[in-house]
$ cat start31.txt   # compact mmCIF, C-alpha atoms
# COMPACT_ATOMS: atom_id res chain seq x y z
CA MET A 316 132.10 47.30 -1.50
CA THR A 317 129.45 45.33 -3.31
CA THR A 318 125.88 46.32 -4.08
CA LEU A 319 122.60 44.47 -4.45
CA HIS A 320 120.50 46.25 -7.09
CA VAL A 321 116.75 45.69 -6.65
CA ILE A 322 114.36 46.45 -9.51
CA ASN A 323 110.57 46.40 -9.13
CA LYS A 324 109.35 47.89 -12.45
CA THR A 325 108.87 46.40 -15.91
CA PRO A 326 111.40 47.40 -18.58
CA SER A 327 108.85 49.75 -20.19
CA GLU A 328 107.22 51.20 -17.11
CA SER A 329 110.32 53.07 -15.97
CA SER A 330 114.01 53.42 -16.79
CA ALA A 331 114.87 51.55 -13.56
CA LEU A 332 116.23 48.45 -15.27
CA ARG A 333 118.21 50.39 -17.89
CA ASP A 334 119.66 52.78 -15.31
CA SER A 335 120.60 50.02 -12.88
CA LEU A 336 122.40 48.03 -15.57
CA ILE A 337 124.55 51.05 -16.41
CA ALA A 338 125.37 51.51 -12.73
CA MET A 339 126.46 47.95 -12.06
CA SER A 340 129.99 46.88 -11.11
CA ASP A 341 131.72 43.51 -11.10
CA GLY A 342 130.75 41.53 -8.04
CA ASP A 343 127.35 43.24 -7.71
CA ALA A 344 124.06 41.40 -7.90
CA LEU A 345 120.73 42.14 -9.55
CA LEU A 346 117.43 41.12 -7.96
CA LEU A 347 114.11 41.40 -9.78
CA ILE A 348 111.00 41.69 -7.63
CA GLU A 349 107.32 42.59 -8.18
CA ASN A 350 106.80 43.81 -11.78
CA GLY A 351 110.57 43.70 -12.25
CA VAL A 352 110.32 39.95 -12.87
CA TYR A 353 108.87 40.59 -16.33
CA ALA A 354 112.39 41.53 -17.45
CA THR A 355 113.11 37.78 -17.54
CA LEU A 356 110.86 37.36 -20.59
CA PRO A 357 113.11 36.24 -23.48
CA ALA A 358 112.10 39.35 -25.43
CA TYR A 359 114.08 41.48 -23.00
CA SER A 360 117.25 39.36 -22.98
CA GLU A 361 119.32 41.93 -24.87
CA HIS A 362 119.05 44.30 -21.90
CA PHE A 363 121.33 41.94 -20.01
CA SER A 364 123.81 41.26 -22.81
CA ARG A 365 126.44 43.63 -21.48
CA LEU A 366 126.41 42.20 -17.97
CA THR A 367 129.60 40.37 -17.07
CA ALA A 368 129.54 36.87 -15.66
CA ASN A 369 130.55 38.42 -12.36
CA VAL A 370 127.09 39.88 -11.80
CA GLN A 371 124.69 37.36 -10.28
CA CYS A 372 121.05 37.69 -11.33
CA TYR A 373 118.19 36.70 -9.02
CA LEU A 374 114.43 36.89 -9.07
CA LEU A 375 111.79 36.46 -6.39
CA THR A 376 110.07 33.22 -7.38
CA ASP A 377 106.73 34.09 -5.75
CA ASP A 378 106.47 37.30 -7.78
CA ALA A 379 107.22 35.43 -11.02
CA GLN A 380 104.69 32.67 -10.38
CA ALA A 381 102.04 35.15 -9.31
CA ARG A 382 102.30 36.67 -12.79
CA GLY A 383 102.16 33.38 -14.69
CA LEU A 384 105.91 33.30 -15.41
CA ASN A 385 106.25 29.64 -14.61
CA ASP A 386 109.07 28.61 -16.93
CA LEU A 387 111.78 30.43 -15.07
CA ASN A 388 114.53 31.99 -17.15
CA GLN A 389 117.65 29.90 -16.52
CA ASP A 390 119.89 32.97 -16.36
CA PHE A 391 118.16 33.96 -13.12
CA CYS A 392 118.36 32.20 -9.82
CA GLY A 393 114.95 31.99 -8.13
CA ILE A 394 114.88 32.89 -4.45
CA ASP A 395 112.25 33.10 -1.70
CA TYR A 396 111.79 35.82 0.94
CA ASP A 397 114.42 34.27 3.22
CA GLY A 398 116.82 34.38 0.28
CA PHE A 399 115.94 38.06 -0.21
CA VAL A 400 116.94 38.77 3.40
CA GLU A 401 120.11 36.70 3.03
CA LEU A 402 121.12 38.60 -0.15
CA SER A 403 120.43 41.95 1.51
CA CYS A 404 122.91 41.00 4.22
CA ARG A 405 125.50 39.46 1.92
CA TYR A 406 126.10 42.66 -0.10
CA SER A 407 127.45 45.72 1.64
CA LYS A 408 124.57 47.87 0.45
CA VAL A 409 121.23 47.71 -1.30
CA VAL A 410 120.06 50.10 -4.01
CA SER A 411 116.40 50.05 -5.00
CA TRP A 412 115.64 51.25 -8.51
CA PHE A 413 112.03 52.15 -9.27
CA MET B 410 65.37 52.90 -19.36
CA ARG B 411 65.65 55.18 -22.37
CA GLU B 412 67.24 53.69 -25.44
CA ASN B 413 70.00 56.24 -25.31
CA LYS B 414 73.14 54.15 -25.48
CA LYS B 415 76.66 55.48 -25.19
CA SER B 416 79.71 53.48 -26.09
CA PHE B 417 82.54 53.17 -23.59
CA LEU B 418 86.12 52.02 -23.93
CA ILE B 419 88.37 51.09 -21.03
CA ILE B 420 92.07 51.30 -21.87
CA ASN B 421 94.39 49.09 -19.84
CA ARG B 422 98.06 50.10 -19.90
CA LYS B 423 99.59 48.69 -16.71
CA ALA B 424 101.04 45.34 -15.71
CA PRO B 425 99.05 43.42 -13.09
CA TYR B 426 99.77 43.39 -9.33
CA GLY B 427 102.50 46.07 -9.23
CA SER B 428 99.79 48.68 -8.85
CA SER B 429 96.03 48.62 -8.46
CA ALA B 430 95.43 49.85 -12.03
CA ALA B 431 94.55 46.45 -13.54
CA ARG B 432 92.22 45.63 -10.66
CA ASP B 433 90.57 49.07 -10.85
CA ALA B 434 89.97 48.73 -14.59
CA LEU B 435 88.37 45.32 -14.09
CA ASP B 436 86.14 46.59 -11.27
CA VAL B 437 84.96 49.49 -13.42
CA ALA B 438 84.29 47.15 -16.35
CA LEU B 439 82.22 44.76 -14.23
CA THR B 440 80.28 47.60 -12.66
CA PHE B 441 79.68 49.20 -16.05
CA SER B 442 78.24 46.00 -17.43
CA VAL B 443 75.22 46.47 -15.15
CA PHE B 444 74.13 49.44 -17.26
CA GLU B 445 74.08 47.42 -20.48
CA GLN B 446 75.91 49.99 -22.55
CA PRO B 447 78.31 48.96 -25.32
CA LEU B 448 81.60 48.38 -23.52
CA SER B 449 85.01 47.55 -24.97
CA LEU B 450 88.31 46.75 -23.29
CA LEU B 451 91.67 47.48 -24.87
CA PHE B 452 94.95 46.06 -23.57
CA MET B 453 98.05 47.92 -24.69
CA ASP B 454 101.58 48.63 -23.43
CA ASP B 455 102.43 46.64 -20.24
CA ALA B 456 98.76 45.66 -19.77
CA VAL B 457 99.27 42.84 -22.29
CA LEU B 458 101.18 41.15 -19.45
CA GLN B 459 97.81 40.78 -17.69
CA LEU B 460 96.86 38.34 -20.45
CA LEU B 461 99.55 35.75 -19.65
CA PRO B 462 97.67 32.70 -18.33
CA ASN B 463 97.99 30.72 -15.10
CA HIS B 464 98.77 33.40 -12.55
CA GLN B 465 99.37 32.02 -9.06
CA ALA B 466 98.61 35.27 -7.30
CA ASN B 467 97.98 33.56 -3.97
CA THR B 468 101.78 33.42 -3.61
CA ILE B 469 101.75 37.19 -3.12
CA GLY B 470 98.44 37.33 -1.28
CA GLN B 471 96.46 38.77 -4.19
CA LYS B 472 93.44 37.72 -6.18
CA ASN B 473 94.12 35.85 -9.38
CA LEU B 474 93.61 38.34 -12.20
CA SER B 475 93.76 35.73 -14.97
CA ALA B 476 90.82 33.87 -13.35
CA ASN B 477 88.93 37.14 -12.99
CA LEU B 478 89.53 38.12 -16.64
CA ALA B 479 88.12 34.76 -17.74
CA MET B 480 84.90 35.88 -16.04
CA LEU B 481 84.38 38.89 -18.37
CA GLU B 482 82.48 36.68 -20.79
CA MET B 483 79.98 35.80 -18.05
CA TYR B 484 79.29 39.53 -17.73
CA ASP B 485 78.73 39.72 -21.52
CA ILE B 486 81.86 41.82 -21.87
CA ASP B 487 83.13 40.36 -25.10
CA GLN B 488 84.56 43.31 -27.02
CA LEU B 489 88.18 42.66 -26.05
CA TYR B 490 91.10 44.10 -28.00
CA VAL B 491 94.86 43.82 -27.67
CA CYS B 492 97.66 45.79 -29.29
CA ARG B 493 99.61 43.46 -31.58
CA GLN B 494 102.81 45.47 -31.28
CA ALA B 495 102.74 45.43 -27.47
CA LEU B 496 102.44 41.65 -27.57
CA SER B 497 105.32 41.16 -29.99
CA GLU B 498 107.59 43.59 -28.11
CA ARG B 499 107.21 41.35 -25.07
CA GLY B 500 107.49 38.11 -27.00
CA ILE B 501 103.95 37.01 -26.17
CA ARG B 502 102.29 34.89 -28.85
CA PRO B 503 98.54 35.38 -29.43
CA ASP B 504 98.01 31.64 -28.88
CA GLN B 505 99.28 32.02 -25.30
CA ILE B 506 96.19 34.10 -24.50
CA SER B 507 93.20 32.06 -23.40
CA LEU B 508 90.69 34.92 -23.78
CA ASN B 509 88.80 35.43 -26.99
CA ILE B 510 90.45 38.69 -28.01
CA THR B 511 90.92 40.69 -31.20
CA LEU B 512 94.41 41.77 -32.29
CA LEU B 513 94.67 45.40 -33.34
CA ASP B 514 97.42 47.25 -35.17
CA THR B 515 98.23 50.79 -34.08
CA HIS B 516 96.09 52.48 -36.74
CA ALA B 517 93.12 50.31 -35.71
CA ILE B 518 93.59 51.46 -32.11
CA ALA B 519 93.18 55.05 -33.20
CA ALA B 520 90.02 54.10 -35.04
CA LEU B 521 88.67 52.22 -32.03
CA ILE B 522 89.18 55.23 -29.75
CA LYS B 523 87.72 57.61 -32.32
CA GLN B 524 84.42 55.75 -32.48
CA GLN B 525 83.78 55.74 -28.70
CA ASP B 526 81.57 58.20 -26.83
CA GLN B 527 83.69 57.94 -23.68
CA VAL B 528 87.13 56.52 -22.92
CA LEU B 529 88.58 55.66 -19.51
CA SER B 530 92.28 54.99 -19.15
CA PHE B 531 94.00 52.92 -16.46
CA MET C 383 72.80 36.39 15.57
CA THR C 384 74.86 34.51 18.08
CA THR C 385 78.10 36.32 18.80
CA ASP C 386 80.78 35.87 21.37
CA ASN C 387 82.02 39.36 22.06
CA SER C 388 84.73 38.28 24.47
CA THR C 389 86.91 36.50 21.89
CA GLN C 390 85.78 37.35 18.35
CA PRO C 391 84.01 40.60 17.54
CA HIS C 392 82.12 38.82 14.77
CA ALA C 393 81.67 35.09 14.79
CA LEU C 394 79.07 32.54 13.91
CA GLN C 395 78.47 29.77 16.45
CA VAL C 396 78.13 26.40 14.75
CA ASN C 397 78.24 23.17 16.77
CA GLY C 398 80.27 24.84 19.47
CA LEU C 399 82.78 26.37 17.05
CA ALA C 400 83.20 30.12 16.56
CA ILE C 401 83.45 30.73 12.80
CA PRO C 402 84.87 34.19 12.03
CA VAL C 403 82.68 36.42 9.88
CA ASP C 404 82.96 40.03 8.76
CA PRO C 405 80.72 42.79 10.17
CA GLU C 406 78.13 42.05 7.49
CA GLY C 407 78.09 38.34 8.32
CA TYR C 408 80.13 37.00 5.36
CA LEU C 409 82.57 34.20 6.21
CA ARG C 410 86.14 35.39 6.55
CA HIS C 411 87.59 32.08 5.38
CA LEU C 412 86.22 30.21 2.39
CA GLU C 413 87.34 26.86 3.81
CA ASP C 414 85.24 27.28 6.98
CA TRP C 415 82.12 26.51 4.94
CA ASN C 416 80.21 23.26 5.29
CA GLU C 417 76.58 22.24 5.33
CA ALA C 418 76.11 23.06 9.01
CA VAL C 419 77.62 26.51 8.51
CA ALA C 420 75.41 27.12 5.46
CA THR C 421 72.32 26.06 7.40
CA GLN C 422 73.21 28.44 10.19
CA LEU C 423 73.97 31.33 7.81
CA ALA C 424 70.61 30.71 6.11
CA ALA C 425 68.76 30.52 9.43
CA GLN C 426 70.01 34.00 10.28
CA GLU C 427 68.32 35.22 7.12
CA ALA C 428 65.15 33.26 7.99
CA ILE C 429 65.74 30.85 5.13
CA GLN C 430 65.31 27.11 5.47
CA LEU C 431 67.54 25.44 2.88
CA THR C 432 65.93 23.02 0.42
CA GLU C 433 67.50 21.09 -2.45
CA ALA C 434 66.56 24.02 -4.72
CA HIS C 435 68.78 26.25 -2.54
CA TRP C 436 71.62 23.76 -2.36
CA GLU C 437 72.00 23.42 -6.12
CA ILE C 438 72.41 27.20 -6.39
CA LEU C 439 74.88 27.25 -3.50
CA ARG C 440 76.95 24.48 -5.05
CA LEU C 441 76.95 26.30 -8.37
CA LEU C 442 78.10 29.50 -6.66
CA ARG C 443 80.97 27.67 -4.97
CA GLN C 444 81.93 26.24 -8.35
CA PHE C 445 81.77 29.71 -9.95
CA TYR C 446 84.04 31.07 -7.25
CA GLN C 447 86.51 28.23 -7.65
CA GLN C 448 86.78 28.91 -11.36
CA PHE C 449 86.81 32.73 -11.40
CA GLU C 450 87.83 33.61 -7.83
CA MET C 451 85.08 36.20 -7.53
CA SER C 452 81.46 36.10 -6.43
CA PRO C 453 79.15 36.79 -9.36
CA ALA C 454 76.76 39.72 -9.63
CA MET C 455 73.18 38.96 -10.71
CA ARG C 456 73.71 38.76 -14.45
CA PRO C 457 76.62 36.30 -14.54
CA LEU C 458 74.91 34.28 -11.81
CA ILE C 459 71.82 33.92 -14.00
CA LYS C 460 74.00 33.08 -16.97
CA ALA C 461 75.79 30.35 -15.01
CA ILE C 462 72.51 28.93 -13.69
CA THR C 463 70.97 28.88 -17.18
CA ALA C 464 74.00 27.00 -18.48
CA GLU C 465 74.04 24.44 -15.66
CA LEU C 466 70.44 24.09 -14.48
CA GLY C 467 68.39 25.27 -17.45
CA SER C 468 66.57 28.44 -18.41
CA ASP C 469 63.60 27.80 -16.09
CA LYS C 470 65.89 28.38 -13.13
CA GLY C 471 68.06 31.01 -14.82
CA LYS C 472 65.60 33.78 -14.01
CA SER C 473 65.80 36.52 -11.43
CA ILE C 474 62.24 35.83 -10.26
CA TYR C 475 63.20 32.23 -9.44
CA LEU C 476 66.27 33.41 -7.51
CA MET C 477 64.17 36.03 -5.71
CA SER C 478 61.85 33.28 -4.50
CA LEU C 479 64.77 31.35 -3.01
CA PHE C 480 66.91 34.23 -1.79
CA PRO C 481 64.60 37.23 -1.32
CA GLY C 482 65.86 40.80 -1.58
CA SER C 483 69.29 40.70 -3.22
CA PRO C 484 69.73 37.11 -4.43
CA ALA C 485 73.36 37.47 -5.56
CA LYS C 486 74.46 38.94 -2.23
CA LEU C 487 72.36 36.65 -0.07
CA ALA C 488 73.22 33.44 -1.91
CA SER C 489 76.93 34.35 -1.87
CA LYS C 490 76.74 34.90 1.86
CA ILE C 491 75.10 31.53 2.52
CA ALA C 492 77.55 29.85 0.10
CA GLY C 493 80.36 31.18 2.28
CA LEU C 494 81.76 33.47 -0.43
CA PRO C 495 82.82 37.11 -0.14
CA LYS C 496 80.26 39.77 -0.97
CA PRO C 497 79.98 40.40 -4.73
CA THR C 498 81.93 43.63 -5.17
CA ASN C 499 80.16 45.01 -8.19
CA CYS C 500 76.57 44.47 -7.15
CA LEU C 501 74.66 47.70 -7.41

$ encode --input "start31.txt" --output "structure tokens"
Amino acid sequence: MTTLHVINKTPSESSALRDSLIAMSDGDALLLIENGVYATLPAYSEHFSRLTANVQCYLLTDDAQARGLNDLNQDFCGIDYDGFVELSCRYSKVVSWF
Amino acid sequence: MRENKKSFLIINRKAPYGSSAARDALDVALTFSVFEQPLSLLFMDDAVLQLLPNHQANTIGQKNLSANLAMLEMYDIDQLYVCRQALSERGIRPDQISLNITLLDTHAIAALIKQQDQVLSF
Amino acid sequence: MTTDNSTQPHALQVNGLAIPVDPEGYLRHLEDWNEAVATQLAAQEAIQLTEAHWEILRLLRQFYQQFEMSPAMRPLIKAITAELGSDKGKSIYLMSLFPGSPAKLASKIAGLPKPTNCL
């Protein structure tokens, strides 16, 4: 049973990112949306250091570009809204952290 | 109008778009400018993320906050301050900010707040 | 005001086209604006557009393009002073062209949203 973890807060606005990273298993995926996309700033990279290569990281491209994050962090795969729907179906459940 | 000026400070602490806080603070600042009172804006905590340039907010159906912030100068709102520590925690260099803004260390923030007649926080 | 209540609750009729406007008569879509629309919007306010009006309208459109907001009176005057000189960057001059509330009225005719922070 795999899980898509969705985060919509900045690393300092709530413990959502920190808590979700603790709760992640191999084969899960992480998706950053809304203010969650700020976690891709290089300054926050250490948050992700303990993630295994088996956790795929995604971000919603529209939310990143809206905020002026135009040089997308290469560790994250940018997706559109159709991709969001596709991911939600691919994993057996979705957990929203906020 | 009586020459009885009060100084106001608007504190911004939230990232843009995720909530209406940044928009609300800007609306209050623009409205305040009509009264020609000394007005300062301080960006600290996640609000420094508002200062990243080149937002493309139309992708999420919102108004472009970075374009709107560039307009502050046209309203003669030029006392703009940003917390140096909040910038460095997020890896934002001062030269990435296109606004004419003053960097403040934490002790200077305390001093800025202390000298105001009124402070509004968003 | 010419309205077609059967299709659009609020619309401006220009050359046979129904241009959607809000209840206060501001264009709903920035890109619907053209000279014919501006002339019609002005006519509703009993204003006949002259070159003196047009240069303000063009400047307003430019302001909106840059800052994505309609200016209140003070920034409008500041922009006009910078572009067209201090003789025109005066509220009395704007009042003569767009009587009443110049910032609101000129924004409306320029096809922009209502200035939100106009008191």

$ residues_near_point --input "start31.txt" --point "(128.6, 38.8, -8.5)" --cutoff "7 Å" --atoms "all atoms listed in the file" --output "PyMOL selection string"
chain A and resi 341-344+369-371

$ interface_residues --input "start31.txt" --of "chain B" --to "chain C" --cutoff "12 Å" --atoms "only C-alpha atoms" --output "MDAnalysis selection string"
chainID B and resid 432:433 435:445 463:467 471:486

$ residues_around --input "start31.txt" --residues "stretch 333-339 of chain A" --least-positions-apart "6" --cutoff "8 Å" --atoms "only C-alpha atoms" --output "PDB file with C-alpha atoms, in the frame of the given file"
ATOM      1  CA  HIS A 320     120.500  46.250  -7.090  1.00  0.00           C
ATOM      2  CA  ILE A 322     114.360  46.450  -9.510  1.00  0.00           C
ATOM      3  CA  PRO A 326     111.400  47.400 -18.580  1.00  0.00           C
ATOM      4  CA  HIS A 362     119.050  44.300 -21.900  1.00  0.00           C
ATOM      5  CA  PHE A 363     121.330  41.940 -20.010  1.00  0.00           C
ATOM      6  CA  LEU A 366     126.410  42.200 -17.970  1.00  0.00           C
ATOM      7  CA  TRP A 412     115.640  51.250  -8.510  1.00  0.00           C
TER       8      TRP A 412
END

$ closest_residue --input "start31.txt" --among "B:Thr468, B:Gln446, B:Leu461, B:Met453" --to "B:Ile420" --atoms "all atoms listed in the file"
B:Met453

$ closest_atom_pairs --input "start31.txt" --of "chain A" --to "chain B" --cutoff "12 Å" --atoms "all atoms listed in the file" --output "JSON lines"
{"residue": "A:Ile322", "atom": "CA", "partner": "B:Gly427", "partner_atom": "CA", "distance": 11.9}
{"residue": "A:Asn323", "atom": "CA", "partner": "B:Gly427", "partner_atom": "CA", "distance": 8.1}
{"residue": "A:Lys324", "atom": "CA", "partner": "B:Gly427", "partner_atom": "CA", "distance": 7.8}
{"residue": "A:Thr325", "atom": "CA", "partner": "B:Asp455", "partner_atom": "CA", "distance": 7.8}
{"residue": "A:Pro326", "atom": "CA", "partner": "B:Asp455", "partner_atom": "CA", "distance": 9.2}
{"residue": "A:Ser327", "atom": "CA", "partner": "B:Asp455", "partner_atom": "CA", "distance": 7.1}
{"residue": "A:Glu328", "atom": "CA", "partner": "B:Asp455", "partner_atom": "CA", "distance": 7.3}
{"residue": "A:Ser329", "atom": "CA", "partner": "B:Asp455", "partner_atom": "CA", "distance": 11.0}
{"residue": "A:Ile348", "atom": "CA", "partner": "B:Gly427", "partner_atom": "CA", "distance": 9.7}
{"residue": "A:Glu349", "atom": "CA", "partner": "B:Gly427", "partner_atom": "CA", "distance": 6.0}
{"residue": "A:Asn350", "atom": "CA", "partner": "B:Gly427", "partner_atom": "CA", "distance": 5.5}
{"residue": "A:Gly351", "atom": "CA", "partner": "B:Gly427", "partner_atom": "CA", "distance": 8.9}
{"residue": "A:Val352", "atom": "CA", "partner": "B:Gly427", "partner_atom": "CA", "distance": 10.6}
{"residue": "A:Tyr353", "atom": "CA", "partner": "B:Leu458", "partner_atom": "CA", "distance": 8.3}
{"residue": "A:Ala354", "atom": "CA", "partner": "B:Arg499", "partner_atom": "CA", "distance": 9.2}
{"residue": "A:Thr355", "atom": "CA", "partner": "B:Arg499", "partner_atom": "CA", "distance": 10.2}
{"residue": "A:Leu356", "atom": "CA", "partner": "B:Arg499", "partner_atom": "CA", "distance": 7.0}
{"residue": "A:Pro357", "atom": "CA", "partner": "B:Gly500", "partner_atom": "CA", "distance": 6.9}
{"residue": "A:Ala358", "atom": "CA", "partner": "B:Gly500", "partner_atom": "CA", "distance": 5.0}
{"residue": "A:Tyr359", "atom": "CA", "partner": "B:Arg499", "partner_atom": "CA", "distance": 7.2}
{"residue": "A:Ser360", "atom": "CA", "partner": "B:Arg499", "partner_atom": "CA", "distance": 10.4}
{"residue": "A:Leu375", "atom": "CA", "partner": "B:Ile469", "partner_atom": "CA", "distance": 10.6}
{"residue": "A:Thr376", "atom": "CA", "partner": "B:Thr468", "partner_atom": "CA", "distance": 9.1}
{"residue": "A:Asp377", "atom": "CA", "partner": "B:Thr468", "partner_atom": "CA", "distance": 5.4}
{"residue": "A:Asp378", "atom": "CA", "partner": "B:Ile469", "partner_atom": "CA", "distance": 6.6}
{"residue": "A:Ala379", "atom": "CA", "partner": "B:Gln465", "partner_atom": "CA", "distance": 8.8}
{"residue": "A:Gln380", "atom": "CA", "partner": "B:Gln465", "partner_atom": "CA", "distance": 5.5}
{"residue": "A:Ala381", "atom": "CA", "partner": "B:Ala466", "partner_atom": "CA", "distance": 4.0}
{"residue": "A:Arg382", "atom": "CA", "partner": "B:His464", "partner_atom": "CA", "distance": 4.8}
{"residue": "A:Gly383", "atom": "CA", "partner": "B:His464", "partner_atom": "CA", "distance": 4.0}
{"residue": "A:Leu384", "atom": "CA", "partner": "B:His464", "partner_atom": "CA", "distance": 7.7}
{"residue": "A:Asn385", "atom": "CA", "partner": "B:Asn463", "partner_atom": "CA", "distance": 8.3}
{"residue": "A:Asp386", "atom": "CA", "partner": "B:Asn463", "partner_atom": "CA", "distance": 11.4}
{"residue": "A:Asp395", "atom": "CA", "partner": "B:Thr468", "partner_atom": "CA", "distance": 10.6}
{"residue": "A:Tyr396", "atom": "CA", "partner": "B:Ile469", "partner_atom": "CA", "distance": 10.9}
{"residue": "A:Phe413", "atom": "CA", "partner": "B:Gly427", "partner_atom": "CA", "distance": 11.3}

$ residues_near_point --input "start31.txt" --point "(80.8, 36.6, 7.5)" --cutoff "10 Å" --atoms "all atoms listed in the file" --output "ChimeraX atom specification"
/C:392-394,401-412,423,490-491,493-496

$ atom_distance --input "start31.txt" --atom1 "atom CA of C:Lys486" --atom2 "atom CA of C:Leu466"
19.7 Å

$ atom_distance --input "start31.txt" --atom1 "atom CA of C:Ala488" --atom2 "atom CA of C:Ala428"
12.8 Å

$ atom_distance --input "start31.txt" --atom1 "atom CA of A:Tyr373" --atom2 "atom CA of A:Thr317"
15.3 Å

$ axis_aligned_box --input "start31.txt" --around "stretch 478-497 of chain B" --padding-each-side "5 Å" --output "lines of an AutoDock Vina configuration file"
center_x = 92.0
center_y = 40.3
center_z = -23.8
size_x = 36.6
size_y = 21.0
size_z = 25.5

$ decode --input "start31.txt" --residues "stretch 444-450 of chain B" --atoms "all heavy atoms" --output "PDB file, in the first residue's frame"
ATOM      1  N   PHE B 444      -3.952  58.890   3.563  1.00  0.00           N
ATOM      2  CA  PHE B 444      -4.006  59.795   4.710  1.00  0.00           C
ATOM      3  C   PHE B 444      -2.697  60.531   4.962  1.00  0.00           C
ATOM      4  O   PHE B 444      -2.604  61.357   5.869  1.00  0.00           O
ATOM      5  CB  PHE B 444      -4.420  59.017   5.967  1.00  0.00           C
ATOM      6  CG  PHE B 444      -5.790  58.409   5.840  1.00  0.00           C
ATOM      7  CD1 PHE B 444      -5.937  57.061   5.569  1.00  0.00           C
ATOM      8  CD2 PHE B 444      -6.925  59.192   5.964  1.00  0.00           C
ATOM      9  CE1 PHE B 444      -7.188  56.494   5.419  1.00  0.00           C
ATOM     10  CE2 PHE B 444      -8.182  58.636   5.816  1.00  0.00           C
ATOM     11  CZ  PHE B 444      -8.319  57.289   5.542  1.00  0.00           C
ATOM     12  N   GLU B 445      -1.679  60.199   4.167  1.00  0.00           N
ATOM     13  CA  GLU B 445      -0.402  60.904   4.241  1.00  0.00           C
ATOM     14  C   GLU B 445       0.189  60.913   5.639  1.00  0.00           C
ATOM     15  O   GLU B 445       0.667  61.942   6.125  1.00  0.00           O
ATOM     16  CB  GLU B 445      -0.547  62.324   3.668  1.00  0.00           C
ATOM     17  CG  GLU B 445      -1.114  62.293   2.261  1.00  0.00           C
ATOM     18  CD  GLU B 445      -0.965  63.590   1.502  1.00  0.00           C
ATOM     19  OE1 GLU B 445      -0.453  64.566   2.076  1.00  0.00           O
ATOM     20  OE2 GLU B 445      -1.360  63.618   0.321  1.00  0.00           O
ATOM     21  N   GLN B 446       0.151  59.764   6.269  1.00  0.00           N
ATOM     22  CA  GLN B 446       0.820  59.579   7.554  1.00  0.00           C
ATOM     23  C   GLN B 446       2.107  58.791   7.285  1.00  0.00           C
ATOM     24  O   GLN B 446       2.168  58.036   6.307  1.00  0.00           O
ATOM     25  CB  GLN B 446      -0.066  58.769   8.511  1.00  0.00           C
ATOM     26  CG  GLN B 446      -1.465  59.316   8.695  1.00  0.00           C
ATOM     27  CD  GLN B 446      -1.489  60.591   9.494  1.00  0.00           C
ATOM     28  OE1 GLN B 446      -0.911  60.682  10.561  1.00  0.00           O
ATOM     29  NE2 GLN B 446      -2.152  61.607   8.959  1.00  0.00           N
ATOM     30  N   PRO B 447       3.103  58.938   8.156  1.00  0.00           N
ATOM     31  CA  PRO B 447       4.326  58.155   7.959  1.00  0.00           C
ATOM     32  C   PRO B 447       4.005  56.659   8.039  1.00  0.00           C
ATOM     33  O   PRO B 447       3.444  56.195   9.029  1.00  0.00           O
ATOM     34  CB  PRO B 447       5.227  58.570   9.130  1.00  0.00           C
ATOM     35  CG  PRO B 447       4.621  59.816   9.676  1.00  0.00           C
ATOM     36  CD  PRO B 447       3.175  59.815   9.334  1.00  0.00           C
ATOM     37  N   LEU B 448       4.321  55.937   6.975  1.00  0.00           N
ATOM     38  CA  LEU B 448       3.967  54.527   6.884  1.00  0.00           C
ATOM     39  C   LEU B 448       5.198  53.698   6.505  1.00  0.00           C
ATOM     40  O   LEU B 448       5.903  54.033   5.558  1.00  0.00           O
ATOM     41  CB  LEU B 448       2.874  54.346   5.809  1.00  0.00           C
ATOM     42  CG  LEU B 448       2.453  52.918   5.465  1.00  0.00           C
ATOM     43  CD1 LEU B 448       1.844  52.231   6.678  1.00  0.00           C
ATOM     44  CD2 LEU B 448       1.453  52.923   4.309  1.00  0.00           C
ATOM     45  N   SER B 449       5.436  52.646   7.281  1.00  0.00           N
ATOM     46  CA  SER B 449       6.549  51.741   6.979  1.00  0.00           C
ATOM     47  C   SER B 449       6.013  50.333   6.790  1.00  0.00           C
ATOM     48  O   SER B 449       4.993  49.962   7.378  1.00  0.00           O
ATOM     49  CB  SER B 449       7.560  51.714   8.128  1.00  0.00           C
ATOM     50  OG  SER B 449       7.978  53.010   8.449  1.00  0.00           O
ATOM     51  N   LEU B 450       6.719  49.570   5.972  1.00  0.00           N
ATOM     52  CA  LEU B 450       6.380  48.154   5.768  1.00  0.00           C
ATOM     53  C   LEU B 450       7.585  47.311   6.135  1.00  0.00           C
ATOM     54  O   LEU B 450       8.702  47.598   5.696  1.00  0.00           O
ATOM     55  CB  LEU B 450       6.025  47.888   4.300  1.00  0.00           C
ATOM     56  CG  LEU B 450       4.549  47.845   3.911  1.00  0.00           C
ATOM     57  CD1 LEU B 450       3.908  49.195   4.151  1.00  0.00           C
ATOM     58  CD2 LEU B 450       4.397  47.451   2.456  1.00  0.00           C
TER      59      LEU B 450
END
